[in-house]
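Everything below concerns the one structure shown next.
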Amino acid sequence: MLELEALPTIHDSVGGRSRTEIVTEVVARCRDAGRGVVLATFGLGEGHLLSDDERREVWSSAVAAAGGRIPVWAAGIEFGATRRVLAQCRTAVACGVDGVVVPPPRPGAVGARPRIAEIDGYYTTIFADHTVGTMAILLDDAAEAGWPLDPALVAAIGHRVLTFDDDPLTVWRLAETGVEVFAASPCLERFARTAGLAGWVRGSTRRPPGTSAAGFGAGFGAPRRPYLDAPRSPTPASEPVRVATAPDVAADAPVPVRAGANTTADAATAATPSIPRQAQARALITRHPMAAMAVTPFAADGELDRDALGAHVDALASAGVAVYLGSFGTGEGQLLDDDELDALYRSGVEAAAGRVPVVAAGLGFSSTAMVIEQAQHAAACGVTAVQIHPPRPGARGVALRPDEVERYYDDVLGAVRSPVLLTNQVAMTGSRLAPELVANLVHQHAHVIGLNTTDPDPAMLGPMLAAIAGRVPVFSGMLGQLPQLLALGGTGGLCFEANVVPDLCVAAHRALTENEADPVPPWLDLLRIHDVLMRHQNPRSVKAALDLLGRPGGGPLRPPYLRSPPEAVAEIAAVLAAVGLRSGAHQTNDGGSP
C-alpha cells in the first residue's frame with residue numbers, strides 16, 4: 001500500500017535556511033521513509049492562498065528534491081472555470097509531478113450541485129487532454145465541493161480517487177468500482193490498511209500547522225494570513241472580542257494597479273478614507289433597499305459581453321435596484337479572472353451612472369493579502385462599496401480561530417479604506433460571524449457602511465440587529481427572511497430574483513414597509529418566482545428567465561455551467577406567465593411597468 005505525506009507550504013526562509021533547503025530536507029525524509037508527497041492541499045498546504053507562480057514553485061521544488069524516487073502529487077488545483085482548471089493541471093504536469101489531484105466541478109456557491117450534463121462535460125474536457133488524463137487523481141471532497149463523487153461516475157471515468165470521506169462504507173463502495181482509492185481522512189488509517197485500498201495520505205488535516213511540523217522536527221515558519229501561529233496558551237473563553245487599532249497592514253500602503261487600469265489617482269482615491277464619500281455611499285445604499293446579485297452576461301465566444309452587461313445594469317438602475325457585480329452564485333464570479341472583474345466593475349459603474357449603488361461582490365475567499373488587493377482594485381474601478389466576505393482560506397465549514405478572524409478584519413479594514421459592506425455569509429463559509437464582533441467592527445471603522453447577512457437560521461436576525469443597534473443599514477440575503485428583518489428594523493434584501501423582476505422586488509419591499517392594506521399580492525408573486533428559479537438553480541434559471549423575456553443578461557453561461565434543459569425552461573415560463581410577465585413586460589400589481 002502506497003503511503004503519501006501531505007506537506008505544509010513554506011512561505012519564507014526560516015532560521016537562516018531558504019525555502020528550497022527546507023523543502024529538500026523534508027522531501028528527503030519522506031523519500032527515506034518510502035512515502036510519496038502531496039503538495040498545496042487546501043488545508044495543510046494552504047492551497048487556497050497560493051498564486052499560480054507559487055504553486056508552480058512548490059510543485060517544481062518537490063519534484064527536484066524527490067529525484068524520481070517517490071511519487072509527487074500536485075494538489076491545489078482551484079475550483080472554478082473548466083478552462084482554468086485545465087490550465088492549472090497542464091502547469092502541474094509540466095512541473096514533472098506524478099499525479100494531479102483534479103477537483104470536481106464547483107462553479108458557484110458551495111452546495112449548488114452541478115447537473116449531470118455539466119459534470120459530464122467538465123470531466124470530458126479535462127480528460128480530452130491525454131497528458132492530464134493519464135496523471136489525474138479524482139478528488140472526492142463533499143465538504144469542500146458540496147456533493148460527493150458518485151461511484152458510477154468514478155467507474156465510468158476509471159481513474160484513481162483521493163477521498164476525504166469519513167464513512168468506511170462509502171469509501172468501500174468507491175473501491176468496489178475497481179479503481180485505486182486513496183483515503184485521506186485521519187479516521188480511516190486502519191481501514192485503509194485492511195480494506196484493500198491503494199493507499200493512504202498522512203497528515204491531511206484541514207488546518208495549517210503554524211510554527212510546528214509534527215513528525216518532521218523542523219519549523220515551517222508562519223502560515224499565511226488569515227491563519228495565525230498556534231497560540232502558546234489557550235485563550236480564556238471570557239476574553240472579550242478585540243479589534244486592534246493598529247493593523248499590521250499599513251492603511252497608507254500603496255495600491256497596486258493592474259495593467260489597463262485607470263490612473264494612479266483612482267488607486268489613491270481607493271486607499272484614502274473620505275468621510276463625505278462614506279456618508280454619500282451609505283445614503284445611496286440606504287435609499288435603494290432592494291439589490292440584485294446581478295448576472296454576468298457572456299457573448300457566444302464565451303467572453304464578457306459588455307454591451308449586454310451595460311443594458312442589464314441600466315434596466316436595474318432604472319427600476320431603482322442596487323447592483324452587486326461578480327457574486328459567487330448568480331454572478332459567476334468564481335469563473336472570472338482579474339481583468340474580467342475589472343472590466344465588469346468599470347462597465348457596471350458606467351452604466352449605473354450614479355443612479356444606484358454598484359457594489360463589488362467578487363472578493364475572496366483567499367489569503368488576506370489577495371482580498372486586500374482585490375478590494376483595492378475594485379475601489380479603483382469606481383464602485384460605490386466593496387463587499388468583504390468572512391475569511392475562508394481552507395475547506396468550507398472549518399472555522400478559523402476567533403483571533404484569526406479578528407486579525408483578518410484588522411488587516412483588511414486597515415488597508416481597504418473605501419466604503420465597505422460586511423457580509424455574514426454563513427451559507428458559503430459554513431460558520432457565522434459573532435454579532436459582538438460585527439458590532440465592534442462597525443463601531444471601530446467608520447468606512448463600514450452596512451451589513452449583509454445570509455444566515456439560514458432566522459433566529460439569528462434578532463441578536464445581529466440588536467448588536468448593531470441601528471448604526472448601519474442591514475440587508476438579508478435570504479429572501480424568505482425579508483419580512484422578519486424589516487419588522488426588526490432592518491433595511492432591505494439582496495436577491496437574484498431582482499434580475500428578472502426588479503420592479504416587483506421594489507413593490508414587495510414597499511408593501512411590507514409602508515403598511516399597505518394588502519401586502520400579500522406582490523410578496524406572493526415574488527415568492528412564486530423565487531421558488532421556480534431556486535428549484536432550477538441560478539444562474540442557469542435566471543438567465544433562462546431573461547431569455548424568455550427577451551431581455552439582456554441571459555445567453556450563455558461559462559463552463560462547466562450549461563443552459564437550463566427544456567423542461568426547466570417550460571416550468572419557468574409558466575410561472576412567469578402566471579405572475580403577469582409576458583412579451584418582455586411585467587405588469588406590476590399597482591399598474592406600473594419595469
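FYI, nothing fancy with the C-alpha cells labels: chains A, B, ... in order, residues from 1 per chain, ligands from 1 as they appear.
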Which residues of range 485-581 of chain A have any atom within 7 Å of an atom in range 282-301 of chain A when counting only C-alpha atoms, and what is the closest pair of atoms for each, with the distance in Å to one decimal? Order the rows by chain and rising number and write it as JSON lines.
```
{"residue": "A:Thr491", "atom": "CA", "partner": "A:Pro289", "partner_atom": "CA", "distance": 5.9}
{"residue": "A:Gly492", "atom": "CA", "partner": "A:Pro289", "partner_atom": "CA", "distance": 4.5}
{"residue": "A:Gly493", "atom": "CA", "partner": "A:Met290", "partner_atom": "CA", "distance": 5.1}
{"residue": "A:Leu494", "atom": "CA", "partner": "A:Ala291", "partner_atom": "CA", "distance": 4.7}
{"residue": "A:Cys495", "atom": "CA", "partner": "A:Ala292", "partner_atom": "CA", "distance": 5.3}
{"residue": "A:Phe496", "atom": "CA", "partner": "A:Met293", "partner_atom": "CA", "distance": 5.0}
{"residue": "A:Ala498", "atom": "CA", "partner": "A:Ala292", "partner_atom": "CA", "distance": 5.0}
{"residue": "A:Asn499", "atom": "CA", "partner": "A:Ala292", "partner_atom": "CA", "distance": 6.0}
{"residue": "A:Cys505", "atom": "CA", "partner": "A:Met290", "partner_atom": "CA", "distance": 6.7}
{"residue": "A:Val506", "atom": "CA", "partner": "A:Met290", "partner_atom": "CA", "distance": 6.4}
{"residue": "A:Pro539", "atom": "CA", "partner": "A:Val295", "partner_atom": "CA", "distance": 6.9}
{"residue": "A:Gly553", "atom": "CA", "partner": "A:Pro297", "partner_atom": "CA", "distance": 4.9}
{"residue": "A:Gly554", "atom": "CA", "partner": "A:Pro297", "partner_atom": "CA", "distance": 6.3}
{"residue": "A:Gly555", "atom": "CA", "partner": "A:Phe298", "partner_atom": "CA", "distance": 6.8}
{"residue": "A:Pro556", "atom": "CA", "partner": "A:Phe298", "partner_atom": "CA", "distance": 5.8}
{"residue": "A:Leu557", "atom": "CA", "partner": "A:Phe298", "partner_atom": "CA", "distance": 6.6}
```
Got a sec: who's within 10 Å of range 169-172 of chain A, counting only C-alpha atoms, leaving out chain neighbours fewer than 5 positions off, as a JSON list (two decimals) with N, CA, C and O atoms, in the first residue's frame?
```json
[["chain", "number", "residue", "atom", "x", "y", "z"],
["A", 140, "ASP", "N", -12.47, 13.49, -4.22],
["A", 140, "ASP", "CA", -13.80, 13.30, -3.65],
["A", 140, "ASP", "C", -13.81, 14.00, -2.30],
["A", 140, "ASP", "O", -13.29, 13.48, -1.32],
["A", 148, "PRO", "N", -20.73, 14.60, -3.02],
["A", 148, "PRO", "CA", -19.72, 13.54, -3.16],
["A", 148, "PRO", "C", -19.67, 13.00, -4.58],
["A", 148, "PRO", "O", -20.63, 13.13, -5.35],
["A", 150, "ASP", "N", -20.05, 10.20, -7.24],
["A", 150, "ASP", "CA", -20.89, 9.02, -7.33],
["A", 150, "ASP", "C", -20.04, 7.84, -7.80],
["A", 150, "ASP", "O", -19.26, 7.98, -8.75],
["A", 151, "PRO", "N", -20.16, 6.67, -7.15],
["A", 151, "PRO", "CA", -19.37, 5.51, -7.59],
["A", 151, "PRO", "C", -19.55, 5.17, -9.07],
["A", 151, "PRO", "O", -18.60, 4.76, -9.73],
["A", 161, "VAL", "N", -8.75, 7.75, -7.23],
["A", 161, "VAL", "CA", -9.57, 8.67, -6.44],
["A", 161, "VAL", "C", -8.86, 8.94, -5.11],
["A", 161, "VAL", "O", -8.37, 8.01, -4.46],
["A", 162, "LEU", "N", -8.81, 10.21, -4.73],
["A", 162, "LEU", "CA", -8.38, 10.61, -3.40],
["A", 162, "LEU", "C", -9.62, 11.10, -2.68],
["A", 162, "LEU", "O", -10.22, 12.11, -3.05],
["A", 163, "THR", "N", -10.07, 10.35, -1.66],
["A", 163, "THR", "CA", -11.32, 10.69, -0.98],
["A", 163, "THR", "C", -11.09, 11.17, 0.44],
["A", 163, "THR", "O", -10.27, 10.62, 1.17],
["A", 164, "PHE", "N", -11.84, 12.21, 0.82],
["A", 164, "PHE", "CA", -11.82, 12.73, 2.18],
["A", 164, "PHE", "C", -13.02, 12.22, 2.98],
["A", 164, "PHE", "O", -13.27, 12.68, 4.08],
["A", 177, "THR", "N", -15.58, -0.15, -7.31],
["A", 177, "THR", "CA", -15.64, 0.16, -8.74],
["A", 177, "THR", "C", -14.42, -0.37, -9.48],
["A", 177, "THR", "O", -14.41, -0.39, -10.71],
["A", 181, "VAL", "N", -8.16, 3.58, -4.86],
["A", 181, "VAL", "CA", -8.73, 4.56, -3.94],
["A", 181, "VAL", "C", -7.73, 4.84, -2.83],
["A", 181, "VAL", "O", -7.20, 3.92, -2.20],
["A", 182, "PHE", "N", -7.48, 6.13, -2.58],
["A", 182, "PHE", "CA", -6.60, 6.57, -1.51],
["A", 182, "PHE", "C", -7.44, 7.32, -0.48],
["A", 182, "PHE", "O", -8.18, 8.25, -0.83],
["A", 183, "ALA", "N", -7.36, 6.91, 0.77],
["A", 183, "ALA", "CA", -8.12, 7.55, 1.84],
["A", 183, "ALA", "C", -7.31, 8.70, 2.42],
["A", 183, "ALA", "O", -6.10, 8.58, 2.62],
["A", 188, "LEU", "N", -9.57, 6.97, 8.91],
["A", 188, "LEU", "CA", -9.61, 5.75, 8.12],
["A", 188, "LEU", "C", -8.23, 5.10, 7.93],
["A", 188, "LEU", "O", -8.06, 4.29, 7.03],
["A", 191, "PHE", "N", -8.55, 1.40, 8.44],
["A", 191, "PHE", "CA", -9.40, 0.87, 7.38],
["A", 191, "PHE", "C", -8.64, 0.80, 6.07],
["A", 191, "PHE", "O", -8.74, -0.18, 5.32],
["A", 192, "ALA", "N", -7.85, 1.84, 5.77],
["A", 192, "ALA", "CA", -7.09, 1.86, 4.52],
["A", 192, "ALA", "C", -6.10, 0.72, 4.45],
["A", 192, "ALA", "O", -5.86, 0.13, 3.40],
["A", 195, "ALA", "N", -8.52, -2.80, 4.18],
["A", 195, "ALA", "CA", -9.64, -2.97, 3.26],
["A", 195, "ALA", "C", -9.23, -3.03, 1.80],
["A", 195, "ALA", "O", -10.07, -2.89, 0.92],
["A", 196, "GLY", "N", -7.96, -3.18, 1.55],
["A", 196, "GLY", "CA", -7.52, -3.32, 0.16],
["A", 196, "GLY", "C", -7.48, -2.02, -0.62],
["A", 196, "GLY", "O", -7.50, -2.05, -1.86],
["A", 197, "LEU", "N", -7.43, -0.88, 0.09],
["A", 197, "LEU", "CA", -7.30, 0.38, -0.63],
["A", 197, "LEU", "C", -5.89, 0.51, -1.19],
["A", 197, "LEU", "O", -4.94, -0.15, -0.72]]
```
(message) Give me the residues near range 446-455 of chain A as a PyMOL selection string, where near means some atom within 7 Å (using only C-alpha atoms) and where sequence neighbours in that chain fewer than 6 positions away do not count.
(response) chain A and resi 278+282+417-427+472-478
(request) Could you pull out the residues in range 106-172 of chain A that DSSP calls alpha helix (DSSP H) from the backbone, as a PyMOL selection string? (result) chain A and resi 116-128+130-135+142-145+151-157+168-172
(request) Would you kindly return, as a PyMOL selection string, each protein, DNA or RNA residue with an atom no farther than 12 Å from any atom of Gly430 in chain A, considering only C-alpha atoms and excluding same-chain residues fewer than 2 positions away? (result) chain A and resi 109-111+143-144+146+390-392+394-400+424-428+432-433+454-456
(message) List as an MDAnalysis selection string the protein and nucleic acid residues near range 28-41 of chain A, meaning an atom at most 10 Å away when only C-alpha atoms are counted, but skip any in the same chain fewer than 2 places from it.
(response) chainID A and resid 2:9 22:26 43:50 54:56 58:59 62:63 65:77 97:101 201:208 216 394:395
